[in-house]
Each structure stands twice: as structure tokens, then as C-alpha cells.
file query-v4.txt (compact mmCIF, N, CA and C atoms)
# COMPACT_ATOMS: atom_id res chain seq x y z
N MET A 1 -37.79 -62.26 -9.76
CA MET A 1 -37.53 -61.46 -10.92
C MET A 1 -36.47 -62.18 -11.76
N GLY A 2 -36.83 -62.46 -12.96
CA GLY A 2 -35.94 -63.19 -13.85
C GLY A 2 -35.05 -62.24 -14.65
N PHE A 3 -34.20 -62.86 -15.43
CA PHE A 3 -33.27 -62.09 -16.24
C PHE A 3 -34.00 -61.20 -17.23
N SER A 4 -35.02 -61.73 -17.87
CA SER A 4 -35.75 -60.95 -18.88
C SER A 4 -36.45 -59.75 -18.23
N GLU A 5 -36.98 -59.93 -17.02
CA GLU A 5 -37.63 -58.81 -16.34
C GLU A 5 -36.60 -57.74 -15.94
N ALA A 6 -35.43 -58.17 -15.50
CA ALA A 6 -34.37 -57.24 -15.14
C ALA A 6 -33.89 -56.47 -16.37
N LEU A 7 -33.79 -57.17 -17.49
CA LEU A 7 -33.37 -56.53 -18.74
C LEU A 7 -34.40 -55.50 -19.19
N ILE A 8 -35.66 -55.84 -19.08
CA ILE A 8 -36.72 -54.90 -19.45
C ILE A 8 -36.70 -53.69 -18.52
N ALA A 9 -36.50 -53.92 -17.21
CA ALA A 9 -36.43 -52.81 -16.26
C ALA A 9 -35.25 -51.89 -16.59
N PHE A 10 -34.11 -52.48 -16.95
CA PHE A 10 -32.96 -51.67 -17.33
C PHE A 10 -33.25 -50.85 -18.56
N ILE A 11 -33.88 -51.46 -19.54
CA ILE A 11 -34.20 -50.76 -20.79
C ILE A 11 -35.20 -49.63 -20.53
N VAL A 12 -36.20 -49.89 -19.71
CA VAL A 12 -37.25 -48.90 -19.45
C VAL A 12 -36.75 -47.77 -18.56
N ILE A 13 -35.91 -48.10 -17.56
CA ILE A 13 -35.49 -47.08 -16.59
C ILE A 13 -34.05 -46.63 -16.83
N GLY A 14 -33.16 -47.53 -17.05
CA GLY A 14 -31.74 -47.22 -17.13
C GLY A 14 -31.33 -46.43 -18.35
N LEU A 15 -31.77 -46.85 -19.51
CA LEU A 15 -31.38 -46.15 -20.74
C LEU A 15 -31.89 -44.72 -20.80
N PRO A 16 -33.16 -44.45 -20.49
CA PRO A 16 -33.60 -43.04 -20.49
C PRO A 16 -32.86 -42.20 -19.46
N THR A 17 -32.56 -42.78 -18.31
CA THR A 17 -31.81 -42.06 -17.28
C THR A 17 -30.41 -41.72 -17.79
N ALA A 18 -29.76 -42.66 -18.43
CA ALA A 18 -28.42 -42.42 -18.98
C ALA A 18 -28.46 -41.36 -20.08
N CYS A 19 -29.48 -41.41 -20.91
CA CYS A 19 -29.61 -40.41 -21.98
C CYS A 19 -29.84 -39.01 -21.41
N ILE A 20 -30.69 -38.92 -20.40
CA ILE A 20 -30.94 -37.62 -19.76
C ILE A 20 -29.66 -37.10 -19.11
N PHE A 21 -28.93 -37.97 -18.43
CA PHE A 21 -27.67 -37.57 -17.81
C PHE A 21 -26.68 -37.06 -18.86
N ALA A 22 -26.57 -37.74 -19.98
CA ALA A 22 -25.66 -37.32 -21.04
C ALA A 22 -26.08 -35.98 -21.62
N LEU A 23 -27.37 -35.78 -21.80
CA LEU A 23 -27.88 -34.52 -22.33
C LEU A 23 -27.60 -33.36 -21.38
N VAL A 24 -27.86 -33.56 -20.10
CA VAL A 24 -27.60 -32.51 -19.10
C VAL A 24 -26.11 -32.20 -19.04
N SER A 25 -25.29 -33.22 -19.13
CA SER A 25 -23.85 -33.03 -19.10
C SER A 25 -23.39 -32.18 -20.28
N ARG A 26 -23.92 -32.45 -21.45
CA ARG A 26 -23.58 -31.65 -22.65
C ARG A 26 -24.03 -30.21 -22.51
N ILE A 27 -25.23 -30.03 -22.00
CA ILE A 27 -25.75 -28.66 -21.81
C ILE A 27 -24.86 -27.89 -20.85
N LEU A 28 -24.46 -28.51 -19.76
CA LEU A 28 -23.60 -27.83 -18.79
C LEU A 28 -22.23 -27.49 -19.38
N ARG A 29 -21.66 -28.40 -20.15
CA ARG A 29 -20.37 -28.11 -20.81
C ARG A 29 -20.52 -26.96 -21.79
N TYR A 30 -21.63 -26.93 -22.53
CA TYR A 30 -21.89 -25.86 -23.48
C TYR A 30 -21.98 -24.51 -22.77
N ARG A 31 -22.72 -24.48 -21.66
CA ARG A 31 -22.88 -23.22 -20.91
C ARG A 31 -21.55 -22.76 -20.33
N GLU A 32 -20.75 -23.69 -19.85
CA GLU A 32 -19.44 -23.33 -19.29
C GLU A 32 -18.55 -22.73 -20.38
N LYS A 33 -18.52 -23.36 -21.53
CA LYS A 33 -17.71 -22.85 -22.65
C LYS A 33 -18.20 -21.48 -23.08
N ARG A 34 -19.52 -21.30 -23.13
CA ARG A 34 -20.10 -20.02 -23.52
C ARG A 34 -19.72 -18.92 -22.53
N MET A 35 -19.75 -19.24 -21.24
CA MET A 35 -19.37 -18.26 -20.23
C MET A 35 -17.89 -17.90 -20.34
N GLU A 36 -17.04 -18.87 -20.63
CA GLU A 36 -15.62 -18.60 -20.82
C GLU A 36 -15.39 -17.66 -22.00
N LEU A 37 -16.09 -17.91 -23.10
CA LEU A 37 -15.95 -17.06 -24.27
C LEU A 37 -16.47 -15.65 -24.01
N GLU A 38 -17.60 -15.54 -23.29
CA GLU A 38 -18.13 -14.23 -22.95
C GLU A 38 -17.16 -13.46 -22.05
N ALA A 39 -16.49 -14.15 -21.14
CA ALA A 39 -15.51 -13.51 -20.27
C ALA A 39 -14.31 -13.02 -21.08
N GLN A 40 -13.88 -13.81 -22.06
CA GLN A 40 -12.77 -13.38 -22.91
C GLN A 40 -13.16 -12.16 -23.74
N ILE A 41 -14.39 -12.16 -24.25
CA ILE A 41 -14.85 -11.02 -25.03
C ILE A 41 -14.93 -9.77 -24.16
N ALA A 42 -15.44 -9.91 -22.95
CA ALA A 42 -15.54 -8.77 -22.03
C ALA A 42 -14.15 -8.24 -21.68
N ALA A 43 -13.19 -9.13 -21.48
CA ALA A 43 -11.82 -8.70 -21.17
C ALA A 43 -11.21 -7.96 -22.36
N ALA A 44 -11.46 -8.46 -23.55
CA ALA A 44 -10.93 -7.79 -24.74
C ALA A 44 -11.57 -6.42 -24.93
N GLN A 45 -12.85 -6.31 -24.68
CA GLN A 45 -13.53 -5.02 -24.80
C GLN A 45 -13.02 -4.05 -23.75
N ALA A 46 -12.79 -4.53 -22.54
CA ALA A 46 -12.28 -3.66 -21.48
C ALA A 46 -10.88 -3.17 -21.83
N ALA A 47 -10.07 -4.03 -22.41
CA ALA A 47 -8.72 -3.62 -22.81
C ALA A 47 -8.78 -2.62 -23.96
N ALA A 48 -9.75 -2.77 -24.84
CA ALA A 48 -9.86 -1.85 -25.98
C ALA A 48 -10.38 -0.49 -25.56
N THR A 49 -11.25 -0.44 -24.57
CA THR A 49 -11.79 0.85 -24.14
C THR A 49 -10.82 1.62 -23.27
N ASN A 50 -9.89 0.96 -22.62
CA ASN A 50 -8.93 1.63 -21.78
C ASN A 50 -7.53 1.12 -22.09
N PRO A 51 -6.97 1.54 -23.24
CA PRO A 51 -5.69 1.01 -23.64
C PRO A 51 -4.52 1.52 -22.78
N ARG A 52 -4.75 2.64 -22.07
CA ARG A 52 -3.66 3.21 -21.27
C ARG A 52 -4.11 3.41 -19.83
N PRO A 53 -4.11 2.37 -19.03
CA PRO A 53 -4.54 2.53 -17.64
C PRO A 53 -3.61 3.42 -16.83
N ASP A 54 -2.33 3.54 -17.25
CA ASP A 54 -1.40 4.40 -16.54
C ASP A 54 -1.82 5.86 -16.64
N LEU A 55 -2.38 6.26 -17.79
CA LEU A 55 -2.84 7.63 -17.95
C LEU A 55 -4.03 7.90 -17.04
N LEU A 56 -4.93 6.97 -16.96
CA LEU A 56 -6.08 7.11 -16.07
C LEU A 56 -5.63 7.18 -14.61
N GLU A 57 -4.70 6.34 -14.26
CA GLU A 57 -4.19 6.36 -12.88
C GLU A 57 -3.52 7.70 -12.57
N GLN A 58 -2.78 8.24 -13.52
CA GLN A 58 -2.13 9.54 -13.33
C GLN A 58 -3.17 10.63 -13.11
N ARG A 59 -4.24 10.60 -13.87
CA ARG A 59 -5.30 11.60 -13.72
C ARG A 59 -5.98 11.49 -12.36
N VAL A 60 -6.21 10.27 -11.91
CA VAL A 60 -6.83 10.08 -10.59
C VAL A 60 -5.91 10.61 -9.50
N ARG A 61 -4.62 10.40 -9.61
CA ARG A 61 -3.68 10.92 -8.62
C ARG A 61 -3.71 12.45 -8.58
N VAL A 62 -3.76 13.08 -9.74
CA VAL A 62 -3.84 14.54 -9.79
C VAL A 62 -5.11 15.03 -9.12
N LEU A 63 -6.22 14.36 -9.41
CA LEU A 63 -7.48 14.76 -8.79
C LEU A 63 -7.44 14.56 -7.27
N GLU A 64 -6.85 13.48 -6.82
CA GLU A 64 -6.73 13.26 -5.38
C GLU A 64 -5.88 14.34 -4.73
N ARG A 65 -4.81 14.74 -5.40
CA ARG A 65 -3.95 15.79 -4.86
C ARG A 65 -4.70 17.11 -4.79
N ILE A 66 -5.48 17.41 -5.82
CA ILE A 66 -6.25 18.65 -5.82
C ILE A 66 -7.28 18.65 -4.70
N VAL A 67 -7.96 17.56 -4.53
CA VAL A 67 -9.02 17.49 -3.53
C VAL A 67 -8.45 17.54 -2.11
N THR A 68 -7.32 16.90 -1.88
CA THR A 68 -6.77 16.85 -0.53
C THR A 68 -5.92 18.06 -0.17
N ASP A 69 -5.47 18.84 -1.15
CA ASP A 69 -4.65 20.02 -0.88
C ASP A 69 -5.56 21.20 -0.57
N LYS A 70 -5.64 21.58 0.70
CA LYS A 70 -6.57 22.63 1.11
C LYS A 70 -6.02 24.03 0.86
N GLY A 71 -4.74 24.18 0.60
CA GLY A 71 -4.14 25.50 0.44
C GLY A 71 -4.31 26.09 -0.95
N MET A 72 -4.78 25.34 -1.90
CA MET A 72 -4.87 25.83 -3.28
C MET A 72 -6.31 26.13 -3.65
N ASN A 73 -6.44 27.03 -4.55
CA ASN A 73 -7.75 27.31 -5.13
C ASN A 73 -8.00 26.24 -6.20
N VAL A 74 -9.04 25.46 -6.04
CA VAL A 74 -9.29 24.31 -6.90
C VAL A 74 -9.49 24.74 -8.35
N ALA A 75 -10.21 25.79 -8.58
CA ALA A 75 -10.48 26.24 -9.96
C ALA A 75 -9.18 26.65 -10.65
N ASP A 76 -8.31 27.36 -9.93
CA ASP A 76 -7.03 27.76 -10.53
C ASP A 76 -6.17 26.55 -10.86
N GLU A 77 -6.16 25.56 -9.98
CA GLU A 77 -5.37 24.36 -10.22
C GLU A 77 -5.90 23.58 -11.42
N ILE A 78 -7.19 23.47 -11.54
CA ILE A 78 -7.77 22.77 -12.69
C ILE A 78 -7.41 23.48 -13.98
N GLU A 79 -7.52 24.80 -14.00
CA GLU A 79 -7.17 25.56 -15.20
C GLU A 79 -5.69 25.40 -15.53
N ARG A 80 -4.82 25.43 -14.51
CA ARG A 80 -3.38 25.27 -14.74
C ARG A 80 -3.09 23.89 -15.35
N LEU A 81 -3.73 22.85 -14.81
CA LEU A 81 -3.54 21.51 -15.35
C LEU A 81 -4.11 21.37 -16.76
N ARG A 82 -5.22 22.02 -17.01
CA ARG A 82 -5.82 21.99 -18.34
C ARG A 82 -4.89 22.67 -19.35
N ASP A 83 -4.28 23.79 -18.95
CA ASP A 83 -3.34 24.49 -19.83
C ASP A 83 -2.11 23.64 -20.11
N GLN A 84 -1.63 22.91 -19.09
CA GLN A 84 -0.47 22.04 -19.29
C GLN A 84 -0.79 20.92 -20.26
N ARG A 85 -2.00 20.39 -20.17
CA ARG A 85 -2.41 19.27 -21.03
C ARG A 85 -2.53 19.72 -22.48
N VAL A 86 -3.07 20.92 -22.68
CA VAL A 86 -3.25 21.43 -24.03
C VAL A 86 -1.91 21.81 -24.64
N GLY A 87 -1.06 22.42 -23.86
CA GLY A 87 0.21 22.94 -24.37
C GLY A 87 1.29 21.96 -24.47
call {"tool": "encode", "arguments": {"input": "query-v4.txt", "output": "C-alpha cells"}}
result
Amino acid sequence: MGFSEALIAFIVIGLPTACIFALVSRILRYREKRMELEAQIAAAQAAATNPRPDLLEQRVRVLERIVTDKGMNVADEIERLRDQRVG
């Protein structure tokens, strides 16, 4: 195999392989960047829908207390808490 045959083999096999590799690499970088942006958008939307997680946590604690406290009438407790929230 001479130099000219090796050069032709490189041109026929090597260059298309390098081009395909570069194209796949670009596609993968694009998808990674897109996923990062989608994650940032989802985080921003989650923060916008629940701006006060402390309030939600407080409500969950009240509900846990109501459910676990067997000595109280649940309906009366819910009404009492509803009245406190309104007033």
C-alpha cells in the first residue's frame, strides 16, 4: 500500500468518520444545554407556584396534629382553625 492509497483511504474513511463524530458531539452538547435550560425553567416555575413553602409546611403540621390527636373532634378542630384563618 503506497502513500497515495493510504491518503485515499484516509479521505474516504477518516474524513466522514471525523465529520460524523463532530456532528454527534454537537448534537449531544445541544441536548445537554437544552436539558439544563428546561431544568432552570422548571425550578423557576416551581418557585413561582409555591412562593411560601413555610406556610405550606405549617399547614401540613396542623393537619398532622389533627390526624394524630385522637382526643379531639376533627370537624370541630377544622372549623376552629378555619375561623382563626379568616379572622
call {"tool": "atom_distance", "arguments": {"input": "query-v4.txt", "atom1": "atom CA of Val67 of chain A", "atom2": "atom CA of Glu79 of chain A"}}
result
14.3 Å
call {"tool": "atom_distance", "arguments": {"input": "query-v4.txt", "atom1": "atom N of Val62 of chain A", "atom2": "atom CA of Ala42 of chain A"}}
result
27.7 Å
call {"tool": "atom_distance", "arguments": {"input": "query-v4.txt", "atom1": "atom N of Ala46 of chain A", "atom2": "atom C of Leu28 of chain A"}}
result
25.0 Å
call {"tool": "select_by_dssp", "arguments": {"input": "query-v4.txt", "residues": "segment 1-83 of chain A", "states": "alpha helix (DSSP H)", "output": "JSON, numbers by chain"}}
result
{"A": [3, 4, 5, 6, 7, 8, 9, 15, 16, 17, 18, 19, 20, 21, 22, 23, 24, 25, 26, 27, 28, 29, 30, 31, 32, 33, 34, 35, 36, 37, 38, 39, 40, 41, 42, 43, 44, 45, 46, 47, 48, 49, 53, 54, 55, 56, 57, 58, 59, 60, 61, 62, 63, 64, 65, 66, 67, 68, 74, 75, 76, 77, 78, 79, 80, 81, 82, 83]}
call {"tool": "residues_around", "arguments": {"input": "query-v4.txt", "residues": "Glu77 of chain A", "least_positions_apart": "5", "cutoff": "10 Å", "atoms": "only C-alpha atoms", "output": "MDAnalysis selection string"}}
result
chainID A and resid 62:63 66 72 82:83
call {"tool": "decode", "arguments": {"input": "query-v4.txt", "residues": "segment 27-39 of chain A", "atoms": "C-alpha atoms", "output": "PDB file, in the first residue's frame"}}
result
ATOM      1  CA  ILE A  27     -25.950  17.289  18.995  1.00  0.00           C
ATOM      2  CA  LEU A  28     -25.081  15.950  22.443  1.00  0.00           C
ATOM      3  CA  ARG A  29     -23.881  19.370  23.647  1.00  0.00           C
ATOM      4  CA  TYR A  30     -27.096  20.929  22.317  1.00  0.00           C
ATOM      5  CA  ARG A  31     -29.262  18.374  24.143  1.00  0.00           C
ATOM      6  CA  GLU A  32     -27.320  18.860  27.376  1.00  0.00           C
ATOM      7  CA  LYS A  33     -27.724  22.639  27.202  1.00  0.00           C
ATOM      8  CA  ARG A  34     -31.428  22.245  26.415  1.00  0.00           C
ATOM      9  CA  MET A  35     -31.924  19.964  29.417  1.00  0.00           C
ATOM     10  CA  GLU A  36     -30.129  22.462  31.678  1.00  0.00           C
ATOM     11  CA  LEU A  37     -32.383  25.273  30.475  1.00  0.00           C
ATOM     12  CA  GLU A  38     -35.508  23.136  30.923  1.00  0.00           C
ATOM     13  CA  ALA A  39     -34.399  22.335  34.487  1.00  0.00           C
TER      14      ALA A  39
END
